[in-house]
Structures are given as C-alpha cells and as structure tokens.
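*Asks:* Structure incoming, see below.
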Amino acid sequence: MSQDMNIPKEQKACIFHKKGGPVAVETVPVVQPSELKPGEALVRVMYSGVCHTDLHAMLGDWPVPNKLPLIGGHEGAGYIVAMNDDQTDLKVGQNVGIKWIAHSCNKCEFCRQGYEPLCKSAQCSGYSVDGSFQQFAVSYTSQLTPIPDGLPLDDAAPILCAGVTVYKAIKESGVKAGEWLVIPGAGGGLGHLAVQYANSMGIRVIAIDTGSEKEQLVKKLGAEKWIDFKTEKDIVKAVQSAVPDGLGPHAAVVAAAGAAAYEQALEYLRPHGVCVAVGLPPDTDIKVPVFWTVFLSKRVVGSYVGNRQDAHEALALAAAGKVKTLYKTLPLGDLPKVYDDMHAGKLTGRIVLDMNK
C-alpha cells in the first residue's frame with residue numbers, strides 16, 4: 001500500500017468521554033507538525049489490534065485510573081508522517097509500531113536496567129495518553145518500535161502487545177530449549193502466540209484449553225501435548241503425566257483469565273518450577289501453600305509487558321515467519337460493537353482494525 005504523506009486537519013477516532021462509555025466514532029482534530037513537542041512523532045495509523053486491556057480502560061475497572069476522554073488502542077501499526085526530534089534514528093516514512101508503553105524517563109533505575117514498564121513516569125498508549133484507535137496518533141519517538149521490512153502492518157499490529165507480552169513471559173520463565181512449558185489458555189489470543197514463540201525457542205509445549213477446534217489449532221502451531229480442561233477430571237495428574245519423567249513441567253505461562261489455572265499450576269509444576277502470571281482475572285488472589293512453595297522451591301513471577309528490546313525481538317521472529325497472529329480484520333466503525341462483544345464474552349480470536357475503512 002502506497003504511503004500518503006498528506007496531513008489533514010481532521011480525522012476519525014474512536015473515543016469515550018466517561019467511565020463505562022459509550023464508545024463512539026467521532027471526528028476529531030489532527031495534531032499538526034508545528035504542534036508536536038520535542039521527542040514526539042505523528043504516526044499515520046493503518047491498523048490497530050484490539051486488546052482486552054482496551055475494555056478495562058473503557059469500563060474503568062482497574063485500580064489505576066485512565067485519562068478521560070480517551071482514545072484507546074495500543075497495538076498500532078503505521079508510518080511516521082512528521083517528527084520533532086533531531087536525535088532519533090527514526091525517519092519520516094518509516095513503518096513503526098505503537099505499543100502499550102508510550103514513554104518512560106529512560107533515566108531511573110528501572111529504565112537503566114531495561115524495566116521501563118516499571119518506570120514511575122511511564123505513560124501507556126490508550127490509557128494515560130491517547131492511543132491508536134485514530135488515523136493520526138501522536139507518539140513518543142523513544143518508544144516507537146521499527147517494524148521490520150517484509151512484515152505486513154496488519155500482521156505486526158497484534159505483536160505489539162499480545163506478542164511481546166507472552167514473549168517476555170516466556171523469557172521470564174527461564175525455560176530452556178528441550179524443557180517443558182504449560183500454557184493454560186493456549187488457544188486464545190495470547191496463548192496461540194505463546195505456543196508459537198515457545199516452539200521457535202525449542203521449548204516443548206503442553207497446551208491447556210477446551211474444544212476440538214482449539215486442539216487442532218495448538219497442535220498445528222507446535223504444541224506436543226493437549227489437555228482439555230472441561231473433559232479432563234484431574235488436570236494436575238494429566239499435566240504431570242504428560243512430561244516423560246513424570247515430575248511435571250518446568251514452567252507455566254498462565255494466559256487464561258481464571259484463578260483455577262494459577263492454583264493448578266502451582267500444584268503440577270516440578271520442584272523449582274516457575275508459574276508466570278500473565279492473565280488478569282478480576283478480583284483474584286492466588287493461594288500459595290507456603291510450606292510446599294518453600295520445600296519444593298517453587299516460584300511465582302509476575303510478567304507485565306516487554307521492554308523496547310523485547311518488542312524488537314518479538315517482531316523479528318514474526319518477520320522471520322516463526323510467529324503468525326490469527327485475527328479478523330474489521331473497519332474502525334465496528335469498534336463499538338467489538339467492545340460490546342468483548343464485554344459479553346462473545347468475541348472469538350483477535351480483532352485488527354483497518355483504519356482506512
């Protein structure tokens with residue numbers, strides 16, 4: 001698709017003005033190049049993935065408040081049309097991704113160690129600053145991610161949150177090639193990417209989900225073992241038995257949004273195993289038996305999102321054909337219905353919005 005470098009005065013954006021919505025497509029002003037602050041770029045958004053976090057922002061049900069009114073979205077893929085930054089290596093016309101972390105100070109202890117998502121000054125796209133559900137988005141050059149040549153923008157969009165989130169989680173697990181990783185929720189938006197990233201690293205995957213369609217999907221994507229949580233009577237025993245030595249897997253990356261998945265993981269993990277928390281079931285606490293956690297040296301690790309390097313690596317694997325997101329493309333105008341379907345639990349798979357339709 002050829003690049004249009006014209007910058008209009010107005011654009012379409014999906015916006016909500018109060019907690020709980022409604023969400024509507026409106027005509028809003030486009031920030032002009034002369035209005036960009038130092039370190040900012042104007043990105044022509046071509047595609048944007050839709051994440052469950054976008055729903056949380058609209059509902060306002062997280063303990064961290066978001067800005068209002070808000071243009072959501074944090075899986076934006078497009079190209080730079082203007083910049084106010086003479087220090088960056090980015091170029092006007094370059095394909096870039098807008099991800100969850102929009103900005104960090106790059107000076108504090110966390111930023112220096114590559115944990116910029118934990119920076120106290122961190123800004124989040126589609127949460128504390130307007131995001132990618134608009135045709136022209138202002139972004140900070142320090143956190144824009146170059147999209148590799150040859151990777152289509154619509155394929156790249158979901159990698160910028162879903163992909164980098166599970167990729168980072170697998171890295172946090174410390175699982176090595178040849179070891180076993182369990183992925184509860186393996187057939188979902190995050191899980192099906194986790195299966196592929198793990199497979200690309202030589203990690204052996206046990207997939208947990210339900211239904212023959214998801215079973216066929218995860219096996220096609222590289223999972224060696226399948227467990228249906230609705231038909232299996234003893235999940236813990238089934239997972240441990242799936243590993244040849246019977247000791248259980250080395251780690252679990254929990255992409256499912258249910259408390260039971262966490263409690264089961266802490267049971268079926270082998271000694272010194274790692275449970276990586278990714279899925280966010282609301283109002284949920286994990287019950288951890290202190291004696292057995294200490295005695296068997298089991299660990300619980302929270303994994304938020306990846307840093308700038310993780311985003312580069314996650315996109316590089318997608319560009320190499322190792323990872324492919326399964327998604328449905330819809331026009332921006334369908335986003336209010338997508339929110340409704342997501343809230344009602346009717347949404348199947350991931351959605352990528354075409355900002356030109």
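Residue numbering restarts at 1 in every chain; chains get A, B, ... in the order shown in the structure tokens, and ligands count up from 1 in that same order.
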Could you pull the residues within 7 Å of range 94-101 of chain A, counting only C-alpha atoms, minus those fewer than 6 positions along the same chain, as a PyMOL selection string?
*Replies:* chain A and resi 74-80+117+122-125+143-147+160-161
*Asks:* Excluding Val138 in chain A and any residue of its chain fewer than 3 positions from it, enumerate the residues within 10 Å of it, using only C-alpha atoms, and give them as a list in words.
*Replies:*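 Counting only C-alpha atoms, the residues come to Val30, Val31, Gln32, Pro33, Leu36, Lys37, Glu40, Ala41, Leu42, Val43, Arg44, Val45, Ile80, Ala82, Met83, Ile98, Ala102, Ser125, Val129, Asp130, Gly131, Ser132, Gln134 and Thr141 of chain A.
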*Asks:* Selected residues, N, CA and C atoms, written as a JSON list (two decimals), in the first residue's frame, please.
*Replies:*
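Generated output (result_36.json):
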```json
[["chain", "number", "residue", "atom", "x", "y", "z"],
["A", 30, "VAL", "N", -6.60, 16.68, 14.01],
["A", 30, "VAL", "CA", -5.29, 16.04, 13.86],
["A", 30, "VAL", "C", -4.23, 17.01, 14.37],
["A", 31, "VAL", "N", -3.36, 16.55, 15.25],
["A", 31, "VAL", "CA", -2.24, 17.38, 15.69],
["A", 31, "VAL", "C", -1.34, 17.66, 14.49],
["A", 32, "GLN", "N", -1.05, 18.91, 14.26],
["A", 32, "GLN", "CA", -0.25, 19.31, 13.11],
["A", 32, "GLN", "C", 1.25, 19.27, 13.45],
["A", 33, "PRO", "N", 2.11, 19.11, 12.44],
["A", 33, "PRO", "CA", 3.56, 19.01, 12.69],
["A", 33, "PRO", "C", 4.10, 20.14, 13.55],
["A", 36, "LEU", "N", 3.78, 19.53, 17.38],
["A", 36, "LEU", "CA", 4.48, 18.42, 18.03],
["A", 36, "LEU", "C", 5.50, 18.96, 19.03],
["A", 37, "LYS", "N", 5.53, 18.34, 20.21],
["A", 37, "LYS", "CA", 6.52, 18.71, 21.22],
["A", 37, "LYS", "C", 7.83, 17.98, 20.94],
["A", 40, "GLU", "N", 8.44, 14.01, 19.99],
["A", 40, "GLU", "CA", 7.19, 13.43, 19.52],
["A", 40, "GLU", "C", 7.20, 13.21, 18.01],
["A", 41, "ALA", "N", 6.39, 12.25, 17.59],
["A", 41, "ALA", "CA", 6.20, 11.97, 16.16],
["A", 41, "ALA", "C", 4.71, 11.83, 15.89],
["A", 42, "LEU", "N", 4.32, 12.13, 14.66],
["A", 42, "LEU", "CA", 2.94, 11.92, 14.22],
["A", 42, "LEU", "C", 2.93, 10.68, 13.33],
["A", 43, "VAL", "N", 2.13, 9.70, 13.73],
["A", 43, "VAL", "CA", 2.09, 8.42, 13.03],
["A", 43, "VAL", "C", 0.75, 8.26, 12.32],
["A", 44, "ARG", "N", 0.81, 7.95, 11.04],
["A", 44, "ARG", "CA", -0.40, 7.59, 10.29],
["A", 44, "ARG", "C", -0.70, 6.13, 10.61],
["A", 45, "VAL", "N", -1.70, 5.90, 11.44],
["A", 45, "VAL", "CA", -2.05, 4.55, 11.86],
["A", 45, "VAL", "C", -2.84, 3.86, 10.74],
["A", 80, "ILE", "N", 5.52, 6.98, 10.02],
["A", 80, "ILE", "CA", 5.73, 8.34, 10.52],
["A", 80, "ILE", "C", 5.49, 9.34, 9.39],
["A", 82, "ALA", "N", 5.45, 12.88, 10.39],
["A", 82, "ALA", "CA", 6.11, 14.11, 10.85],
["A", 82, "ALA", "C", 6.80, 13.82, 12.18],
["A", 83, "MET", "N", 7.88, 14.58, 12.46],
["A", 83, "MET", "CA", 8.60, 14.41, 13.72],
["A", 83, "MET", "C", 9.13, 15.74, 14.22],
["A", 98, "ILE", "N", 3.10, 1.33, 17.54],
["A", 98, "ILE", "CA", 2.74, 1.99, 18.79],
["A", 98, "ILE", "C", 2.33, 0.91, 19.77],
["A", 102, "ALA", "N", 4.19, 3.88, 26.10],
["A", 102, "ALA", "CA", 4.33, 5.00, 25.17],
["A", 102, "ALA", "C", 5.54, 5.86, 25.49],
["A", 125, "SER", "N", -0.04, 3.92, 26.12],
["A", 125, "SER", "CA", -0.88, 4.24, 24.97],
["A", 125, "SER", "C", -2.31, 3.73, 25.19],
["A", 129, "VAL", "N", -2.33, 8.16, 27.90],
["A", 129, "VAL", "CA", -2.28, 9.06, 26.74],
["A", 129, "VAL", "C", -3.12, 8.45, 25.63],
["A", 130, "ASP", "N", -3.62, 9.27, 24.70],
["A", 130, "ASP", "CA", -4.44, 8.75, 23.61],
["A", 130, "ASP", "C", -3.65, 7.75, 22.78],
["A", 131, "GLY", "N", -4.36, 6.72, 22.30],
["A", 131, "GLY", "CA", -3.70, 5.62, 21.63],
["A", 131, "GLY", "C", -3.98, 5.52, 20.15],
["A", 132, "SER", "N", -4.08, 4.29, 19.67],
["A", 132, "SER", "CA", -4.03, 4.00, 18.24],
["A", 132, "SER", "C", -5.39, 3.83, 17.57],
["A", 134, "GLN", "N", -7.20, 5.83, 16.22],
["A", 134, "GLN", "CA", -7.36, 7.07, 15.46],
["A", 134, "GLN", "C", -6.43, 6.98, 14.24],
["A", 141, "THR", "N", 8.98, 9.29, 20.24],
["A", 141, "THR", "CA", 9.93, 8.57, 19.40],
["A", 141, "THR", "C", 10.74, 7.55, 20.17]]
```
*Asks:* Can you tell me, as a list in words, which residues in range 168-267 of chain A count as strand (DSSP E or B) by DSSP?
*Replies:*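 In range 168-267 of chain A, DSSP puts these residues in strand (DSSP E or B): Trp180, Leu181, Val182, Ile183, Pro184, Arg204, Val205, Ile206, Ala207, Ile208, Asp209, Lys225, Trp226, Ile227, Asp228, Ala251, Ala252, Val253 and Val254 of chain A.
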*Asks:* Store the residues of this selection in a file with all heavy atoms, as a short mmCIF file (atom, residue, chain, number, x, y, z; two decimals), in the first residue's frame.
*Replies:*
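result-v6.cif was written with the following content:
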```cif
data_model
loop_
_atom_site.label_atom_id
_atom_site.label_comp_id
_atom_site.auth_asym_id
_atom_site.auth_seq_id
_atom_site.Cartn_x
_atom_site.Cartn_y
_atom_site.Cartn_z
N TRP A 180 10.00 -28.32 29.37
CA TRP A 180 8.55 -28.34 29.17
C TRP A 180 7.87 -27.10 29.76
O TRP A 180 8.14 -26.71 30.89
CB TRP A 180 7.95 -29.60 29.81
CG TRP A 180 8.29 -30.84 29.06
CD1 TRP A 180 9.39 -31.64 29.23
CD2 TRP A 180 7.55 -31.43 28.00
NE1 TRP A 180 9.36 -32.69 28.35
CE2 TRP A 180 8.24 -32.60 27.58
CE3 TRP A 180 6.35 -31.12 27.35
CZ2 TRP A 180 7.78 -33.42 26.55
CZ3 TRP A 180 5.88 -31.93 26.33
CH2 TRP A 180 6.60 -33.07 25.94
N LEU A 181 6.99 -26.51 28.96
CA LEU A 181 6.22 -25.34 29.35
C LEU A 181 4.74 -25.62 29.16
O LEU A 181 4.31 -26.08 28.10
CB LEU A 181 6.62 -24.14 28.48
CG LEU A 181 5.80 -22.85 28.65
CD1 LEU A 181 6.07 -22.21 30.01
CD2 LEU A 181 6.11 -21.85 27.53
N VAL A 182 3.95 -25.32 30.20
CA VAL A 182 2.50 -25.44 30.11
C VAL A 182 1.91 -24.06 29.82
O VAL A 182 2.33 -23.07 30.41
CB VAL A 182 1.90 -25.97 31.43
CG1 VAL A 182 0.38 -26.06 31.32
CG2 VAL A 182 2.46 -27.33 31.76
N ILE A 183 0.93 -24.03 28.90
CA ILE A 183 0.26 -22.77 28.58
C ILE A 183 -1.24 -22.95 28.76
O ILE A 183 -1.94 -23.40 27.86
CB ILE A 183 0.58 -22.31 27.15
CG1 ILE A 183 2.09 -22.20 26.94
CG2 ILE A 183 -0.11 -20.97 26.86
CD1 ILE A 183 2.50 -21.89 25.51
N PRO A 184 -1.78 -22.62 29.95
CA PRO A 184 -3.24 -22.59 30.11
C PRO A 184 -3.81 -21.42 29.30
O PRO A 184 -3.27 -20.32 29.33
CB PRO A 184 -3.42 -22.35 31.62
CG PRO A 184 -2.11 -22.74 32.24
CD PRO A 184 -1.07 -22.40 31.22
N ARG A 204 9.33 -27.32 24.64
CA ARG A 204 8.26 -28.29 24.43
C ARG A 204 7.00 -27.84 25.16
O ARG A 204 7.05 -27.49 26.34
CB ARG A 204 8.73 -29.68 24.89
CG ARG A 204 10.05 -30.07 24.25
CD ARG A 204 10.55 -31.42 24.70
NE ARG A 204 9.80 -32.49 24.07
CZ ARG A 204 10.09 -33.80 24.25
NH1 ARG A 204 11.09 -34.16 25.05
NH2 ARG A 204 9.37 -34.72 23.64
N VAL A 205 5.89 -27.84 24.44
CA VAL A 205 4.67 -27.19 24.94
C VAL A 205 3.56 -28.19 25.26
O VAL A 205 3.25 -29.07 24.46
CB VAL A 205 4.15 -26.16 23.92
CG1 VAL A 205 2.81 -25.59 24.36
CG2 VAL A 205 5.17 -25.05 23.72
N ILE A 206 2.97 -27.99 26.45
CA ILE A 206 1.73 -28.65 26.83
C ILE A 206 0.65 -27.58 26.80
O ILE A 206 0.73 -26.58 27.53
CB ILE A 206 1.82 -29.27 28.23
CG1 ILE A 206 2.95 -30.30 28.30
CG2 ILE A 206 0.48 -29.91 28.64
CD1 ILE A 206 3.26 -30.76 29.73
N ALA A 207 -0.34 -27.77 25.96
CA ALA A 207 -1.40 -26.77 25.79
C ALA A 207 -2.64 -27.18 26.59
O ALA A 207 -3.08 -28.33 26.51
CB ALA A 207 -1.75 -26.62 24.32
N ILE A 208 -3.20 -26.23 27.34
CA ILE A 208 -4.45 -26.45 28.07
C ILE A 208 -5.50 -25.47 27.54
O ILE A 208 -5.26 -24.26 27.50
CB ILE A 208 -4.28 -26.25 29.58
CG1 ILE A 208 -3.23 -27.22 30.14
CG2 ILE A 208 -5.61 -26.43 30.30
CD1 ILE A 208 -2.99 -27.04 31.64
N ASP A 209 -6.63 -26.00 27.12
CA ASP A 209 -7.76 -25.20 26.69
C ASP A 209 -8.92 -26.16 26.49
O ASP A 209 -8.87 -27.28 27.02
CB ASP A 209 -7.45 -24.41 25.41
CG ASP A 209 -8.12 -23.03 25.42
OD1 ASP A 209 -9.33 -22.96 25.71
OD2 ASP A 209 -7.45 -22.02 25.16
N LYS A 225 1.57 -31.68 23.43
CA LYS A 225 0.55 -32.32 24.27
C LYS A 225 -0.66 -31.41 24.40
O LYS A 225 -0.54 -30.18 24.40
CB LYS A 225 1.11 -32.63 25.66
CG LYS A 225 2.41 -33.42 25.67
CD LYS A 225 2.18 -34.89 25.38
CE LYS A 225 3.48 -35.67 25.54
NZ LYS A 225 3.27 -37.13 25.37
N TRP A 226 -1.83 -32.01 24.52
CA TRP A 226 -3.09 -31.27 24.64
C TRP A 226 -3.89 -31.80 25.81
O TRP A 226 -4.01 -33.02 25.99
CB TRP A 226 -3.91 -31.40 23.36
CG TRP A 226 -5.37 -31.05 23.51
CD1 TRP A 226 -6.42 -31.93 23.67
CD2 TRP A 226 -5.94 -29.74 23.53
NE1 TRP A 226 -7.60 -31.25 23.77
CE2 TRP A 226 -7.34 -29.89 23.69
CE3 TRP A 226 -5.43 -28.46 23.41
CZ2 TRP A 226 -8.22 -28.82 23.74
CZ3 TRP A 226 -6.30 -27.38 23.46
CH2 TRP A 226 -7.67 -27.56 23.62
N ILE A 227 -4.42 -30.89 26.63
CA ILE A 227 -5.29 -31.26 27.74
C ILE A 227 -6.53 -30.36 27.70
O ILE A 227 -6.40 -29.13 27.70
CB ILE A 227 -4.58 -31.11 29.10
CG1 ILE A 227 -3.42 -32.11 29.18
CG2 ILE A 227 -5.54 -31.32 30.25
CD1 ILE A 227 -2.50 -31.90 30.38
N ASP A 228 -7.70 -30.99 27.64
CA ASP A 228 -8.97 -30.25 27.62
C ASP A 228 -9.44 -30.10 29.06
O ASP A 228 -9.77 -31.09 29.72
CB ASP A 228 -10.00 -31.01 26.78
CG ASP A 228 -11.25 -30.18 26.51
OD1 ASP A 228 -11.76 -29.54 27.45
OD2 ASP A 228 -11.73 -30.18 25.35
N ALA A 251 7.83 -24.99 33.80
CA ALA A 251 7.21 -23.68 33.98
C ALA A 251 5.81 -23.67 33.40
O ALA A 251 5.44 -24.54 32.60
CB ALA A 251 8.06 -22.58 33.33
N ALA A 252 5.05 -22.68 33.83
CA ALA A 252 3.73 -22.42 33.25
C ALA A 252 3.62 -20.94 32.98
O ALA A 252 3.98 -20.11 33.83
CB ALA A 252 2.62 -22.86 34.21
N VAL A 253 3.16 -20.59 31.78
CA VAL A 253 2.81 -19.21 31.46
C VAL A 253 1.30 -19.18 31.39
O VAL A 253 0.69 -19.72 30.46
CB VAL A 253 3.45 -18.75 30.13
CG1 VAL A 253 2.84 -17.43 29.68
CG2 VAL A 253 4.95 -18.62 30.28
N VAL A 254 0.66 -18.59 32.40
CA VAL A 254 -0.79 -18.64 32.52
C VAL A 254 -1.40 -17.51 31.72
O VAL A 254 -1.41 -16.35 32.16
CB VAL A 254 -1.23 -18.58 34.00
CG1 VAL A 254 -2.75 -18.69 34.09
CG2 VAL A 254 -0.56 -19.69 34.80
#
```
*Asks:* Using only C-alpha atoms, which residues sit within 12 Å of Val305 in chain A once same-chain residues fewer than 4 positions away are excluded, as number ranges by chain?
*Replies:* A: 99-101, 114-118, 124, 159-172, 277-279, 309-311, 314
*Asks:* Enter the distance from CA of Gln264 in chain A to CA of Trp292 in chain A, in Å, rounded to one decimal.
*Replies:*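 CA of Trp292 in chain A lies 13.7 Å from CA of Gln264 in chain A.
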*Asks:* Skip Ala13 in chain A itself and residues of its chain fewer than 2 positions away, then list as a list in words all residues within 9 Å of it, counting only C-alpha atoms.
*Replies:* Gln11, Ile15, Ala24, Val25, Glu26, Thr27, Val28, Ile71, Ser132, Phe133, Gln134, Gln135, Phe136 and Leu332 of chain A
*Asks:* Let's have the selection written as a short mmCIF file (atom, residue, chain, number, x, y, z; two decimals), in the first residue's frame, with all heavy atoms.
*Replies:*
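As a result, part_24.cif now contains:
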```
data_model
loop_
_atom_site.label_atom_id
_atom_site.label_comp_id
_atom_site.auth_asym_id
_atom_site.auth_seq_id
_atom_site.Cartn_x
_atom_site.Cartn_y
_atom_site.Cartn_z
N GLN A 11 -9.80 13.97 11.51
CA GLN A 11 -9.67 12.52 11.32
C GLN A 11 -10.80 11.81 12.05
O GLN A 11 -11.51 12.40 12.87
CB GLN A 11 -8.33 12.05 11.90
CG GLN A 11 -8.24 12.31 13.41
CD GLN A 11 -7.08 11.62 14.08
OE1 GLN A 11 -6.64 10.55 13.66
NE2 GLN A 11 -6.55 12.23 15.14
N ILE A 15 -13.65 7.10 20.50
CA ILE A 15 -13.40 7.81 21.75
C ILE A 15 -14.54 7.57 22.73
O ILE A 15 -15.68 7.31 22.33
CB ILE A 15 -13.23 9.33 21.45
CG1 ILE A 15 -12.75 10.11 22.67
CG2 ILE A 15 -14.51 9.92 20.89
CD1 ILE A 15 -12.34 11.55 22.34
N ALA A 24 -17.75 5.74 20.79
CA ALA A 24 -18.31 6.19 19.51
C ALA A 24 -17.20 6.66 18.59
O ALA A 24 -16.14 7.13 19.04
CB ALA A 24 -19.31 7.31 19.73
N VAL A 25 -17.43 6.52 17.30
CA VAL A 25 -16.51 7.07 16.30
C VAL A 25 -16.87 8.53 16.08
O VAL A 25 -18.02 8.85 15.78
CB VAL A 25 -16.59 6.28 14.98
CG1 VAL A 25 -15.69 6.93 13.92
CG2 VAL A 25 -16.19 4.82 15.19
N GLU A 26 -15.89 9.41 16.28
CA GLU A 26 -16.12 10.84 16.15
C GLU A 26 -15.08 11.47 15.23
O GLU A 26 -14.04 10.86 14.94
CB GLU A 26 -16.04 11.52 17.53
CG GLU A 26 -17.07 11.01 18.53
CD GLU A 26 -16.95 11.69 19.88
OE1 GLU A 26 -16.16 12.67 19.98
OE2 GLU A 26 -17.62 11.26 20.83
N THR A 27 -15.38 12.67 14.78
CA THR A 27 -14.39 13.45 14.04
C THR A 27 -13.65 14.35 15.02
O THR A 27 -14.28 15.11 15.77
CB THR A 27 -15.08 14.31 12.97
OG1 THR A 27 -15.76 13.44 12.04
CG2 THR A 27 -14.06 15.15 12.21
N VAL A 28 -12.33 14.23 15.04
CA VAL A 28 -11.51 14.99 15.99
C VAL A 28 -10.36 15.66 15.24
O VAL A 28 -9.99 15.23 14.12
CB VAL A 28 -10.94 14.08 17.11
CG1 VAL A 28 -12.08 13.41 17.88
CG2 VAL A 28 -10.00 13.04 16.54
N ILE A 71 -8.98 8.17 23.74
CA ILE A 71 -8.90 7.38 22.51
C ILE A 71 -8.04 6.17 22.86
O ILE A 71 -6.86 6.32 23.19
CB ILE A 71 -8.26 8.19 21.37
CG1 ILE A 71 -9.13 9.41 21.03
CG2 ILE A 71 -8.08 7.30 20.12
CD1 ILE A 71 -8.47 10.38 20.07
N SER A 132 -4.08 4.29 19.67
CA SER A 132 -4.03 4.00 18.24
C SER A 132 -5.39 3.83 17.57
O SER A 132 -5.45 3.49 16.38
CB SER A 132 -3.19 2.75 18.00
OG SER A 132 -3.68 1.65 18.75
N PHE A 133 -6.50 4.06 18.28
CA PHE A 133 -7.81 3.99 17.64
C PHE A 133 -8.15 5.32 16.97
O PHE A 133 -9.21 5.90 17.15
CB PHE A 133 -8.90 3.61 18.65
CG PHE A 133 -8.78 2.22 19.20
CD1 PHE A 133 -9.36 1.89 20.43
CD2 PHE A 133 -8.11 1.22 18.52
CE1 PHE A 133 -9.26 0.61 20.95
CE2 PHE A 133 -7.99 -0.07 19.03
CZ PHE A 133 -8.57 -0.37 20.25
N GLN A 134 -7.20 5.83 16.22
CA GLN A 134 -7.36 7.07 15.46
C GLN A 134 -6.43 6.98 14.24
O GLN A 134 -5.48 6.20 14.23
CB GLN A 134 -7.00 8.28 16.31
CG GLN A 134 -5.62 8.23 16.94
CD GLN A 134 -5.35 9.42 17.85
OE1 GLN A 134 -5.83 10.52 17.61
NE2 GLN A 134 -4.57 9.20 18.90
N GLN A 135 -6.73 7.75 13.25
CA GLN A 135 -5.97 7.66 11.99
C GLN A 135 -4.61 8.34 12.07
O GLN A 135 -3.69 7.96 11.33
CB GLN A 135 -6.81 8.25 10.86
CG GLN A 135 -8.06 7.43 10.57
CD GLN A 135 -8.98 8.10 9.56
OE1 GLN A 135 -9.31 9.28 9.68
NE2 GLN A 135 -9.40 7.34 8.55
N PHE A 136 -4.46 9.32 12.95
CA PHE A 136 -3.18 10.01 13.13
C PHE A 136 -2.92 10.13 14.63
O PHE A 136 -3.63 10.85 15.33
CB PHE A 136 -3.19 11.40 12.49
CG PHE A 136 -3.20 11.38 10.99
CD1 PHE A 136 -4.41 11.25 10.30
CD2 PHE A 136 -2.02 11.48 10.26
CE1 PHE A 136 -4.43 11.23 8.91
CE2 PHE A 136 -2.05 11.45 8.88
CZ PHE A 136 -3.25 11.32 8.20
N LEU A 332 -12.79 0.46 11.44
CA LEU A 332 -12.79 1.21 12.69
C LEU A 332 -14.20 1.41 13.22
O LEU A 332 -14.44 1.35 14.44
CB LEU A 332 -12.10 2.56 12.50
CG LEU A 332 -12.12 3.52 13.70
CD1 LEU A 332 -11.37 2.92 14.88
CD2 LEU A 332 -11.52 4.87 13.31
#
```
*Asks:* Find the residue from A:Ser241, A:Thr284, A:Ser121, A:Asn106 that sits nearest to Ala259 in chain A; use only C-alpha atoms when measuring.
*Replies:* A:Thr284
*Asks:* For Phe229 in chain A, which residue among A:Leu296, A:Leu217, A:Val195, A:Ala186 is the nearest when counting only C-alpha atoms?
*Replies:*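 Among A:Leu296, A:Leu217, A:Val195, A:Ala186, it is A:Ala186 that comes nearest to Phe229 in chain A.
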